[in-house]
Amino acid sequence: MDGAEGPEIIIWDITYACPLRCVHCYSESGRRPARHLRSAADGLRVADAFLALKPRVVSLAGGEPLLIKNLLDIAGKLTAASVSTCLYTSGWLFDEGLPDRLAEVFSQITVSVDGAHAATHDRVRGRAGSFDRALTALGHLDAAAARRAAAGLGPLNFTSEYVVLRSNIGELEDFVRLMARRFPRLGSITFNAAAPAGLGSGVEFGETELLFDEQLEHLVSAEFRRRLQDIAGPDIRVFTTDNLGLVMPPDPRLPRDGSHVMQVEPDGEVRWMPVYEGSVGNLLHDDPHAVWARAKERWADPDVLGVLEPVRTVREWARAVRLLNDRFASDADRERLEKRKAPVPVALTARPS
């Protein structure tokens with residue numbers, strides 16, 4: 001199947017191990033087996049499978065990718081093949097010397113921050129001290145970016161993303177002020193409305209944290225975007241999204257124009273589509289083009305279209321996710337989904353001394 005069309009974007013949740021316990025976690029990381037590949041050679045084999053598909057972007061996420069010992073080797077292989085390679089991290093494991101090493105193999109580094117204040121972020125992220133660590137990581141990145149620019153070294157591009165919930169939507173303007181004041185070399189801030197994936201698809205979470213429809217409309221309104229951009233100033237770009245573009249399967253007849261995304265689990269299993277449970281193959285064992293073809297076939301499944309076509313609101317979407325997970329998830333994943341409880345934590349895990 002050489003030359004077959006592949007995904008434009010690949011998201012690899014490279015491990016489900018994580019020091020945090022985010023209330024909305026799309027991968028349920030930290031609450032399930034890590035499933036990351038034990039062999040460095042297998043990690044490079046998955047990277048080879050990615051390269052066979054010729055994506056434009058590969059994002060390494062999790063869990064916490066920085067827990068993977070050969071992460072830089074994997075990213076370096078992708079970058080050497082001219083693939084834009086991005087890292088998504090909580091910042092928990094950063095030290096002062098890390099940004100320079102990351103800059104050599106990653107096109108972009110994104111630190112997740114979900115509040116303008118420690119109390120808000122730490123509640124969402126489920127661990128005391130996570131706000132301070134995220135801001136420390138951004139500080140290291142900002143300083144390294146300035147140092148590299150002064151020395152004429154390669155650029156260090158870093159950004160921040162914020163998952164918007166009912167409980168933190170009131171802090172968006174304060175967050176932009178904070179980022180603009182403390183990290184002048186930050187490239188962009190993206191505010192993503194919480195999607196009903198993973199823990200975010202639970203009934204109780206939907207009733208307490210998924211945005212109301214009017215909040216979604218406000219988040220993506222041109223007026224509000226302009227307001228946030230004005231606060232940020234000209235050097236930091238601000239984006240907002242309601243994430244509703246993830247509801248429907250992309251039409252397989254469309255050209256490769258950005259609508260095609262492959263989501264890969266830590267052990268190489270490929271989901272038929274981001275957000276929804278269910279595998280269509282494993283990149284360690286199967287031809288990557290055949291796996292991608294099976295994913296696109298699933299998008300046209302009458303059961304899938306019948307469940308998703310009527311969706312108009314985020315709560316209808318959450319219900320559709322639960323229905324499709326029940327239809328396509330493996331027995332092991334279905335058992336996990338049935339056992340989990342909605343994440344509405346009261347106490348935080350103490351930060352170690």
# chains A, B, ... in the order shown; residues from 1 in each chain; ligands from 1
>>> closest_atom_pairs(of="region 7-58 of chain A", to="region 102-114 of chain A", cutoff="10 Å", atoms="only C-alpha atoms", output="CSV")
residue,atom,partner,partner_atom,distance
A:Cys22,CA,A:Asp114,CA,9.8
A:Val57,CA,A:Ser107,CA,9.4
A:Val58,CA,A:Phe106,CA,9.9
>>> write_last_selection(atoms="N, CA and C atoms", output="mmCIF file, in the first residue's frame")
data_model
loop_
_atom_site.group_PDB
_atom_site.id
_atom_site.type_symbol
_atom_site.label_atom_id
_atom_site.label_comp_id
_atom_site.auth_asym_id
_atom_site.auth_seq_id
_atom_site.Cartn_x
_atom_site.Cartn_y
_atom_site.Cartn_z
ATOM 1 N N CYS A 22 -5.909 14.794 36.621
ATOM 2 C CA CYS A 22 -6.786 15.840 36.092
ATOM 3 C C CYS A 22 -8.246 15.378 36.068
ATOM 4 N N VAL A 57 2.448 16.535 11.091
ATOM 5 C CA VAL A 57 2.693 16.811 12.504
ATOM 6 C C VAL A 57 2.557 15.517 13.296
ATOM 7 N N VAL A 58 3.463 15.308 14.247
ATOM 8 C CA VAL A 58 3.302 14.263 15.257
ATOM 9 C C VAL A 58 3.384 14.940 16.619
#
>>> select_by_dssp(residues="region 183-340 of chain A", states="helix (DSSP H, G or I)", output="short mmCIF file (atom, residue, chain, number, x, y, z; two decimals) with C-alpha atoms, in the first residue's frame")
data_model
loop_
_atom_site.label_atom_id
_atom_site.label_comp_id
_atom_site.auth_asym_id
_atom_site.auth_seq_id
_atom_site.Cartn_x
_atom_site.Cartn_y
_atom_site.Cartn_z
CA GLY A 198 -12.21 9.87 28.75
CA LEU A 199 -13.22 11.11 32.18
CA GLY A 200 -14.85 14.08 30.48
CA SER A 201 -17.56 11.82 29.04
CA VAL A 203 -22.55 11.81 33.29
CA GLU A 204 -21.66 13.65 36.50
CA PHE A 205 -18.81 15.52 34.84
CA GLY A 206 -21.19 16.65 32.12
CA GLU A 207 -23.59 17.98 34.72
CA THR A 208 -20.93 19.88 36.64
CA ASP A 213 -24.08 26.03 25.06
CA GLU A 214 -24.12 29.79 25.64
CA GLN A 215 -20.67 29.57 27.24
CA LEU A 216 -19.34 27.73 24.20
CA GLU A 217 -20.76 30.40 21.92
CA HIS A 218 -19.17 33.14 24.02
CA LEU A 219 -15.80 31.37 24.09
CA ALA A 222 -15.14 37.12 17.58
CA GLU A 223 -15.73 39.80 20.20
CA PHE A 224 -14.34 37.69 23.05
CA ARG A 225 -11.37 36.55 20.99
CA ARG A 226 -10.55 40.19 20.22
CA ARG A 227 -10.81 41.01 23.91
CA LEU A 228 -8.33 38.29 24.84
CA GLN A 229 -5.97 39.24 22.01
CA ASP A 230 -6.01 42.88 23.08
CA ILE A 231 -5.00 41.83 26.61
CA ALA A 232 -2.22 39.57 25.27
CA LEU A 244 -17.07 20.53 18.32
CA GLY A 245 -15.10 19.79 15.18
CA LEU A 246 -14.19 16.48 16.84
CA PRO A 288 0.20 1.38 9.03
CA HIS A 289 -1.66 2.16 5.79
CA ALA A 290 -4.01 -0.77 6.37
CA VAL A 291 -4.69 0.47 9.91
CA TRP A 292 -5.47 3.96 8.60
CA ALA A 293 -7.78 2.49 5.95
CA ARG A 294 -9.69 0.57 8.64
CA ALA A 295 -10.12 3.79 10.62
CA LYS A 296 -11.64 5.56 7.62
CA GLU A 297 -13.95 2.61 7.00
CA ARG A 298 -15.24 2.93 10.56
CA TRP A 299 -16.12 6.59 9.94
CA PRO A 302 -24.00 3.24 9.66
CA ASP A 303 -24.03 2.79 13.45
CA VAL A 304 -21.48 5.59 13.83
CA LEU A 305 -23.29 7.97 11.50
CA GLY A 306 -26.65 7.18 13.08
CA VAL A 307 -25.37 8.09 16.54
CA LEU A 308 -23.39 11.20 15.56
CA VAL A 314 -21.99 19.11 23.91
CA ARG A 315 -24.26 17.05 26.18
CA GLU A 316 -25.67 15.17 23.21
CA TRP A 317 -22.08 14.61 22.16
CA ALA A 318 -21.20 13.18 25.59
CA ARG A 319 -24.10 10.74 25.34
CA ALA A 320 -23.01 9.76 21.82
CA VAL A 321 -19.47 9.12 23.08
CA ARG A 322 -20.81 6.76 25.74
CA LEU A 323 -22.93 4.91 23.19
CA LEU A 324 -20.06 4.48 20.72
CA ASN A 325 -17.65 3.45 23.45
CA ASP A 326 -20.07 0.72 24.45
CA ARG A 327 -20.32 -0.36 20.82
CA PHE A 328 -16.63 -0.38 19.86
CA ASP A 331 -13.86 -5.95 26.61
CA ALA A 332 -11.03 -4.74 28.85
CA ASP A 333 -11.74 -1.08 28.11
CA ARG A 334 -15.47 -1.58 28.53
CA GLU A 335 -14.85 -3.07 31.96
CA ARG A 336 -12.70 -0.07 32.86
CA LEU A 337 -15.36 2.34 31.66
CA GLU A 338 -18.03 0.63 33.74
CA LYS A 339 -15.94 0.72 36.91
#
>>> residues_around(residues="Lys69 (chain A)", least_positions_apart="3", cutoff="12 Å", atoms="only C-alpha atoms", output="list in words")
Ile14, Thr15, His36, Leu37, Arg38, Ser39, Ala40, Ala41, Gly43, Glu64, Pro65, Leu66, Leu72, Asp73, Ile74 and Ala75 of chain A
>>> select_by_dssp(residues="region 97-130 of chain A", states="strand (DSSP E)", output="list in words")
Gln108, Ile109, Thr110, Val111 and Ser112 of chain A
>>> write_last_selection(atoms="N, CA and C atoms", output="PDB file, in the first residue's frame")
ATOM      1  N   GLN A 108       7.755  22.362  18.764  1.00  0.00           N
ATOM      2  CA  GLN A 108       6.940  23.154  19.675  1.00  0.00           C
ATOM      3  C   GLN A 108       6.776  22.405  20.987  1.00  0.00           C
ATOM      4  N   ILE A 109       6.786  23.140  22.086  1.00  0.00           N
ATOM      5  CA  ILE A 109       6.592  22.579  23.423  1.00  0.00           C
ATOM      6  C   ILE A 109       5.401  23.303  24.039  1.00  0.00           C
ATOM      7  N   THR A 110       4.394  22.536  24.456  1.00  0.00           N
ATOM      8  CA  THR A 110       3.186  23.122  25.025  1.00  0.00           C
ATOM      9  C   THR A 110       3.028  22.686  26.472  1.00  0.00           C
ATOM     10  N   VAL A 111       2.877  23.667  27.354  1.00  0.00           N
ATOM     11  CA  VAL A 111       2.659  23.405  28.778  1.00  0.00           C
ATOM     12  C   VAL A 111       1.190  23.657  29.086  1.00  0.00           C
ATOM     13  N   SER A 112       0.546  22.688  29.721  1.00  0.00           N
ATOM     14  CA  SER A 112      -0.871  22.805  30.057  1.00  0.00           C
ATOM     15  C   SER A 112      -1.037  23.538  31.383  1.00  0.00           C
TER      16      SER A 112
END
>>> closest_atom_pairs(of="region 69-123 of chain A", to="region 49-56 of chain A", cutoff="9 Å", atoms="only C-alpha atoms", output="JSON lines")
{"residue": "A:Leu78", "atom": "CA", "partner": "A:Leu51", "partner_atom": "CA", "distance": 7.2}
{"residue": "A:Ala81", "atom": "CA", "partner": "A:Leu51", "partner_atom": "CA", "distance": 7.6}
{"residue": "A:Ser82", "atom": "CA", "partner": "A:Arg56", "partner_atom": "CA", "distance": 8.5}
{"residue": "A:Val83", "atom": "CA", "partner": "A:Arg56", "partner_atom": "CA", "distance": 5.7}
{"residue": "A:Ser84", "atom": "CA", "partner": "A:Arg56", "partner_atom": "CA", "distance": 6.2}
{"residue": "A:Thr85", "atom": "CA", "partner": "A:Arg56", "partner_atom": "CA", "distance": 8.7}
>>> atom_distance(atom1="CA of Ser330 (chain A)", atom2="CA of Glu265 (chain A)")
13.4 Å
>>> residues_around(residues="Glu161 (chain A)", least_positions_apart="2", cutoff="6 Å", atoms="only C-alpha atoms", output="list of chain:residue names")
A:Ser112, A:Ile189, A:Thr190, A:Phe191
>>> residues_around(residues="Asp42 (chain A)", least_positions_apart="5", cutoff="9 Å", atoms="only C-alpha atoms", output="PDB file with C-alpha atoms, in the first residue's frame")
ATOM      1  CA  LEU A  37       6.444   0.360  25.437  1.00  0.00           C
ATOM      2  CA  ALA A  47       8.167   6.184  14.890  1.00  0.00           C
ATOM      3  CA  ASP A 267       1.488   0.408  23.101  1.00  0.00           C
ATOM      4  CA  LEU A 284       3.944  -2.592  15.922  1.00  0.00           C
TER       5      LEU A 284
END
>>> closest_residue(among="A:His117, A:Val46, A:His260, A:Arg148", to="His285 (chain A)", atoms="only C-alpha atoms")
A:Val46
>>> residues_around(residues="Gln263 (chain A)", least_positions_apart="5", cutoff="10 Å", atoms="only C-alpha atoms", output="ChimeraX atom specification")
/A:7,9-13,58-59,268-276,279
>>> closest_residue(among="A:Ala128, A:Ala197, A:Val220, A:Met262", to="Glu277 (chain A)", atoms="only C-alpha atoms")
A:Ala197
>>> atom_distance(atom1="CA of Ala149 (chain A)", atom2="CA of Leu67 (chain A)")
28.2 Å
>>> residues_around(residues="Ala134 (chain A)", least_positions_apart="5", cutoff="9 Å", atoms="only C-alpha atoms", output="PyMOL selection string")
chain A and resi 89-92+94+111-113+129+139
>>> closest_residue(among="A:Ile236, A:Leu165, A:Val23, A:Leu178", to="Glu209 (chain A)", atoms="only C-alpha atoms")
A:Leu165
>>> closest_residue(among="A:Met179, A:Ala144, A:Leu283, A:Ala61", to="Leu98 (chain A)", atoms="only C-alpha atoms")
A:Ala144
>>> closest_residue(among="A:Arg127, A:His121, A:Arg32, A:Arg101", to="Pro19 (chain A)", atoms="only C-alpha atoms")
A:Arg127
>>> atom_distance(atom1="CA of His24 (chain A)", atom2="CA of Val164 (chain A)")
10.1 Å
